[in-house]
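Colleague: My questions all concern the structure below.
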Amino acid sequence: MKLFDVYPLMDLNIVRAAGSYVYDEQDNAFLDFYGGHAVISIGHGHSHWKQRIAGQMDKIAFYSNAVINELQAELAEKLAKISGKKMYALFLCNSGAEANENALKLASFHTGRKKVVAFKKAFHGRTSLAVAATDNPKYTAPVNETEHVVFLPFNDVAALSAYFALNGNDIAAVIIEGIQGVGGIHVASDEMLQTIRELCDTYNSVFIADEVQCGFGRSGKFFSLDHAGVQADIYTMAKGMGNGFPVAGLLIASHIKAQYGMLGTTFGGNHLACAAALAVIETMEQENLLHNAAVMGDYLMRSLQQIKGIENVRGNGLMIGFDVPEQLKTLKQHLFKKYNILTGEAAPNVIRLLPAMTIDRVIADTFLQALQAAIDDLNN
Ligand code: PLP
């Protein structure tokens with residue numbers, strides 16, 4: 001049987017991984033500055049993460065959400081502590097799209113309204129409402145088309161205020177990535193986030209922060225919105241949450257009330273998924289990884305700004321992007337082929353850096369030196 005061919009594949013067969021490196025079948029090492037799409041948060045194969053999952057496997061791997069699972073309560077407690085969101089409730093699911101799907105449904109249940117405000121270049125996932133709130137017609141099937149979602153320009157406070165002034169009482173939710181990922185690393189401005197908060201308060205709409213990519217510590221604070229000191233009503237989380245084990249979730253503010261039947265999932269919050277997420281949080285605490293992401297992010301950003309040829313270095317913590325001019329358009333491929341370095345991309349001509357939060361100066365310098373050398377190669 002063939003695989004359904006929806007992914008253009010890199011010529012790389014990864015057979016093992018450790019820390020910030022992945023290895024192919026000839027045991028060639030590749031420096032992972034892509035993190036398997038921002039998923040690897042505490043490094044590949046972290047010993048505590050492996051032990052937590054293996055230890056759980058020996059006890060019980062799965063049972064449905066019809067019974068008590070104390071690991072979920074333990075995870076909720078740890079999340080409250082590390083995020084500081086003590087008055088929120090936790091709902092667990094399996095992927096980023098599912099988290100956003102549930103968040104949007106919840107906003108509609110809560111308000112009784114249908115309209116969703118999303119932003120240009122947003123990416124919120126592939127399922128029905130999540131993809132409807134994603135600004136890319138290539139991902140949207142005819143059945144996903146809806147008049148309920150409107151896309152406003154990113155970081156345009158005046159456009160948002162004007163839209164609310166006319167439609168505020170119909171708006172169920174505003175959904176925004178604190179740092180747009182797929183859209184090309186665009187940081188939401190403090191003013192934008194504060195305005196969303198104020199408008200949602202005025203009109204009783206739900207503020208959803210899609211922290212699937214930029215959350216769980218990657219920005220140097222637990223949620224990227226924390227940089228602006230703004231609270232959302234719902235935070236969605238996925239990627240870095242399990243360090244590669246599929247687990248996702250929503251933090252839901254206390255004024256949004258739960259009712260039986262509103263949300264549900266078979267696999268979400270299973271014992272292994274909770275063990276993986278607990279191991280990630282414990283490691284982040286033990287190794288002070290929020291601080292490390294902030295410090296290493298700063299270092300990388302300042303160093304990248306010194307490199308001639310790349311443009312508009314931007315981001316927060318270890319979610320960094322820069323523009324690649326036309327003459328360096330093969331830079332990503334060249335870094336991979338000649339220097340064994342994996343990076344992410346975002347069209348058009350943006351390179352995205354999403355390394356593990358465990359990187360140190362040696363690893364950062366290895367990357368920076370290779371980047372400089374690759375740019376010199378292409379310029380000569
Ligand atoms: N939201 C954001 C901001 C993302 O970057 C992604 C994935 O790239 C998603 C949602 C969808 O997550 P998943 O692929 O786990 O469904």
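So you can find residues: chains in the structure tokens are A, B, ... in the order shown, residues in each start at 1, and ligands are numbered from 1 in order.
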Could you pull out the residues in segment 3-109 of chain A that DSSP calls alpha helix (DSSP H) from the backbone, as a PyMOL selection string?
Modeller: chain A and resi 35-38+47-59+70-83+96-109
Colleague: For the residues in that selection, give me C-alpha atoms as an mmCIF file, in the first residue's frame.
Modeller:
```cif
data_model
loop_
_atom_site.group_PDB
_atom_site.id
_atom_site.type_symbol
_atom_site.label_atom_id
_atom_site.label_comp_id
_atom_site.auth_asym_id
_atom_site.auth_seq_id
_atom_site.Cartn_x
_atom_site.Cartn_y
_atom_site.Cartn_z
ATOM 1 C CA GLY A 35 12.212 20.647 16.538
ATOM 2 C CA GLY A 36 9.960 18.469 14.391
ATOM 3 C CA HIS A 37 7.793 21.563 13.864
ATOM 4 C CA ALA A 38 8.161 23.145 17.316
ATOM 5 C CA SER A 47 15.828 10.564 30.135
ATOM 6 C CA HIS A 48 13.143 11.790 32.567
ATOM 7 C CA TRP A 49 10.542 11.844 29.797
ATOM 8 C CA LYS A 50 11.447 8.289 28.736
ATOM 9 C CA GLN A 51 11.337 7.000 32.308
ATOM 10 C CA ARG A 52 7.998 8.701 33.074
ATOM 11 C CA ILE A 53 6.368 7.170 29.992
ATOM 12 C CA ALA A 54 7.971 3.736 30.401
ATOM 13 C CA GLY A 55 7.065 3.696 34.106
ATOM 14 C CA GLN A 56 3.464 4.550 33.260
ATOM 15 C CA MET A 57 3.413 1.860 30.580
ATOM 16 C CA ASP A 58 4.181 -0.692 33.296
ATOM 17 C CA LYS A 59 1.111 0.458 35.252
ATOM 18 C CA GLU A 70 -5.549 10.943 38.811
ATOM 19 C CA LEU A 71 -2.781 11.857 36.400
ATOM 20 C CA GLN A 72 -5.132 14.411 34.818
ATOM 21 C CA ALA A 73 -5.642 16.124 38.174
ATOM 22 C CA GLU A 74 -1.883 16.056 38.790
ATOM 23 C CA LEU A 75 -1.291 17.605 35.368
ATOM 24 C CA ALA A 76 -3.925 20.304 36.010
ATOM 25 C CA GLU A 77 -2.190 21.190 39.275
ATOM 26 C CA LYS A 78 1.253 21.356 37.667
ATOM 27 C CA LEU A 79 -0.125 23.445 34.794
ATOM 28 C CA ALA A 80 -1.742 25.887 37.213
ATOM 29 C CA LYS A 81 1.595 26.328 38.956
ATOM 30 C CA ILE A 82 3.834 26.709 35.931
ATOM 31 C CA SER A 83 1.406 28.887 33.935
ATOM 32 C CA GLY A 96 -3.602 21.496 18.120
ATOM 33 C CA ALA A 97 -6.490 21.516 15.668
ATOM 34 C CA GLU A 98 -8.677 19.638 18.126
ATOM 35 C CA ALA A 99 -7.784 22.091 20.893
ATOM 36 C CA ASN A 100 -8.796 25.056 18.707
ATOM 37 C CA GLU A 101 -11.896 23.257 17.450
ATOM 38 C CA ASN A 102 -12.988 22.718 21.046
ATOM 39 C CA ALA A 103 -12.104 26.289 22.036
ATOM 40 C CA LEU A 104 -14.225 27.737 19.217
ATOM 41 C CA LYS A 105 -17.132 25.421 20.008
ATOM 42 C CA LEU A 106 -16.919 26.338 23.659
ATOM 43 C CA ALA A 107 -16.967 30.055 22.821
ATOM 44 C CA SER A 108 -20.092 29.494 20.748
ATOM 45 C CA PHE A 109 -21.763 27.401 23.456
#
```
Colleague: Please identify the residues whose atoms come within 9 Å of ligand 1, using only C-alpha atoms and all ligand atoms, and report them as a ChimeraX atom specification.
Modeller: /A:37-38,94-100,122-127,130,134,176-183,210-214,236-239,246-248
Colleague: Determine, counting only C-alpha atoms, which protein, DNA and RNA residues have an atom within 12 Å of an atom of segment 329-332 of chain A; residues of the same chain fewer than 2 positions away are not included. Present the result as a PyMOL selection string.
Modeller: chain A and resi 10+33-34+309-310+322-327+334-353+370-379
Colleague: Got time to write the residues from that selection, C-alpha atoms, as a PDB file, in the first residue's frame?
Modeller:
```pdb
ATOM      1  CA  MET A  10      12.906  15.950   2.615  1.00  0.00           C
ATOM      2  CA  PHE A  33      16.689  23.711  14.745  1.00  0.00           C
ATOM      3  CA  TYR A  34      13.216  22.777  13.523  1.00  0.00           C
ATOM      4  CA  GLY A 309      22.311  39.129   4.234  1.00  0.00           C
ATOM      5  CA  ILE A 310      19.357  37.955   6.291  1.00  0.00           C
ATOM      6  CA  PHE A 322      14.005  35.976   9.454  1.00  0.00           C
ATOM      7  CA  ASP A 323      13.553  36.863   5.803  1.00  0.00           C
ATOM      8  CA  VAL A 324      15.835  35.447   3.155  1.00  0.00           C
ATOM      9  CA  PRO A 325      16.480  37.662   0.129  1.00  0.00           C
ATOM     10  CA  GLU A 326      16.187  36.307  -3.396  1.00  0.00           C
ATOM     11  CA  GLN A 327      19.924  35.558  -3.828  1.00  0.00           C
ATOM     12  CA  HIS A 334      22.005  24.483   1.638  1.00  0.00           C
ATOM     13  CA  LEU A 335      22.058  24.401   5.458  1.00  0.00           C
ATOM     14  CA  PHE A 336      20.563  20.940   5.280  1.00  0.00           C
ATOM     15  CA  LYS A 337      22.680  19.493   2.461  1.00  0.00           C
ATOM     16  CA  LYS A 338      26.098  20.905   3.308  1.00  0.00           C
ATOM     17  CA  TYR A 339      25.914  21.658   7.042  1.00  0.00           C
ATOM     18  CA  ASN A 340      23.469  18.984   8.267  1.00  0.00           C
ATOM     19  CA  ILE A 341      21.184  21.529   9.873  1.00  0.00           C
ATOM     20  CA  LEU A 342      17.397  21.328   9.963  1.00  0.00           C
ATOM     21  CA  THR A 343      15.401  24.551  10.021  1.00  0.00           C
ATOM     22  CA  GLY A 344      11.755  25.364   9.417  1.00  0.00           C
ATOM     23  CA  GLU A 345      10.294  27.546   6.732  1.00  0.00           C
ATOM     24  CA  ALA A 346       7.281  29.720   6.154  1.00  0.00           C
ATOM     25  CA  ALA A 347       6.355  30.958   2.746  1.00  0.00           C
ATOM     26  CA  PRO A 348       7.527  33.093   1.131  1.00  0.00           C
ATOM     27  CA  ASN A 349      11.240  33.154   1.933  1.00  0.00           C
ATOM     28  CA  VAL A 350      11.072  32.985   5.697  1.00  0.00           C
ATOM     29  CA  ILE A 351      13.285  30.665   7.755  1.00  0.00           C
ATOM     30  CA  ARG A 352      11.878  29.612  11.109  1.00  0.00           C
ATOM     31  CA  LEU A 353      14.005  28.510  14.046  1.00  0.00           C
ATOM     32  CA  ALA A 370      27.092  27.234   9.961  1.00  0.00           C
ATOM     33  CA  LEU A 371      24.555  29.871   8.982  1.00  0.00           C
ATOM     34  CA  GLN A 372      27.297  32.424   8.343  1.00  0.00           C
ATOM     35  CA  ALA A 373      29.309  29.882   6.325  1.00  0.00           C
ATOM     36  CA  ALA A 374      26.239  28.888   4.282  1.00  0.00           C
ATOM     37  CA  ILE A 375      25.491  32.538   3.493  1.00  0.00           C
ATOM     38  CA  ASP A 376      29.127  33.102   2.463  1.00  0.00           C
ATOM     39  CA  ASP A 377      28.961  30.030   0.188  1.00  0.00           C
ATOM     40  CA  LEU A 378      25.859  31.329  -1.563  1.00  0.00           C
ATOM     41  CA  ASN A 379      27.211  34.856  -1.911  1.00  0.00           C
TER      42      ASN A 379
END
```
Colleague: Env of segment 298-307 of chain A: 10 Å cut, atoms = only C-alpha atoms, seq-sep filter 4 positions within chain, self excluded. Answer as a VMD selection string.
Modeller: chain A and resid 220 292 to 294 311 to 322 353 361 364 to 365 367 to 368 371 to 372 375
Colleague: Can you tell me how far atom CA of Ala61 of chain A sits from atom CA of Gly268 of chain A, in Å to one decimal?
Modeller: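 One can read the atom CA of Ala61 of chain A to atom CA of Gly268 of chain A distance as 12.4 Å.
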Colleague: Take atom CA of Arg218 of chain A and atom CA of Ala133 of chain A and report the distance between them in Å, one decimal.
Modeller: 23.2 Å
Colleague: Using only C-alpha atoms, which protein or nucleic acid residues come within 10 Å of Ser189 of chain A? Drop anything in the same chain fewer than 5 positions from it, and give the result as a list of chain:residue names.
Modeller: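 The residues that qualify are A:Phe154, A:Asn155, A:Asp156, A:Val157, A:Gly178, A:Ile179, A:Gln194, A:Thr195, A:Leu225, A:His227, A:Ala228.
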Colleague: Please provide the set of residues having any atom within 9 Å of segment 142-152 of chain A, restricted to only C-alpha atoms, with same-chain residues fewer than 3 positions apart removed, written as a list of chain:residue names.
Modeller: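 Close residues of segment 142-152 of chain A: A:Lys114, A:Lys115, A:Val116, A:Val117, A:Ala118, A:Phe119, A:Lys120, A:Lys121, A:Ala122, A:Thr127, A:Ser128, A:Leu129, A:Val131, A:Ala132, A:Ala133, A:Thr134, A:Asp135, A:Asn155, A:Asp156, A:Ala159, A:Leu160, A:Tyr163.
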Colleague: For C-alpha atoms, I'd like the residues from the last selection saved as a short mmCIF file (atom, residue, chain, number, x, y, z; two decimals), in the first residue's frame.
Modeller:
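To be explicit, this is the file written out as out.cif:
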```
data_model
loop_
_atom_site.label_atom_id
_atom_site.label_comp_id
_atom_site.auth_asym_id
_atom_site.auth_seq_id
_atom_site.Cartn_x
_atom_site.Cartn_y
_atom_site.Cartn_z
CA LYS A 114 -21.70 32.23 15.74
CA LYS A 115 -19.23 34.84 14.52
CA VAL A 116 -15.48 34.28 14.85
CA VAL A 117 -12.78 36.90 14.28
CA ALA A 118 -9.48 35.50 13.04
CA PHE A 119 -6.51 37.21 11.39
CA LYS A 120 -4.76 37.29 8.04
CA LYS A 121 -2.10 34.57 7.69
CA ALA A 122 -3.51 32.72 10.71
CA THR A 127 -10.38 20.33 11.21
CA SER A 128 -13.64 22.02 10.31
CA LEU A 129 -13.80 25.18 12.47
CA VAL A 131 -9.47 25.30 9.20
CA ALA A 132 -12.29 27.76 8.63
CA ALA A 133 -10.36 30.14 10.90
CA THR A 134 -7.14 29.42 8.97
CA ASP A 135 -6.32 31.98 6.30
CA ASN A 155 -1.94 43.90 14.47
CA ASP A 156 -4.43 46.42 13.07
CA ALA A 159 -9.70 47.58 11.94
CA LEU A 160 -10.54 45.34 14.90
CA TYR A 163 -15.36 45.63 13.19
#
```
Colleague: Of the candidates A:Leu193, A:Val187, A:Leu31, A:Leu90, which shows the shortest atom-to-atom distance to Lys257 of chain A, using only C-alpha atoms?
Modeller: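 When distances to Lys257 of chain A are compared using only C-alpha atoms, the smallest one comes from A:Leu90.
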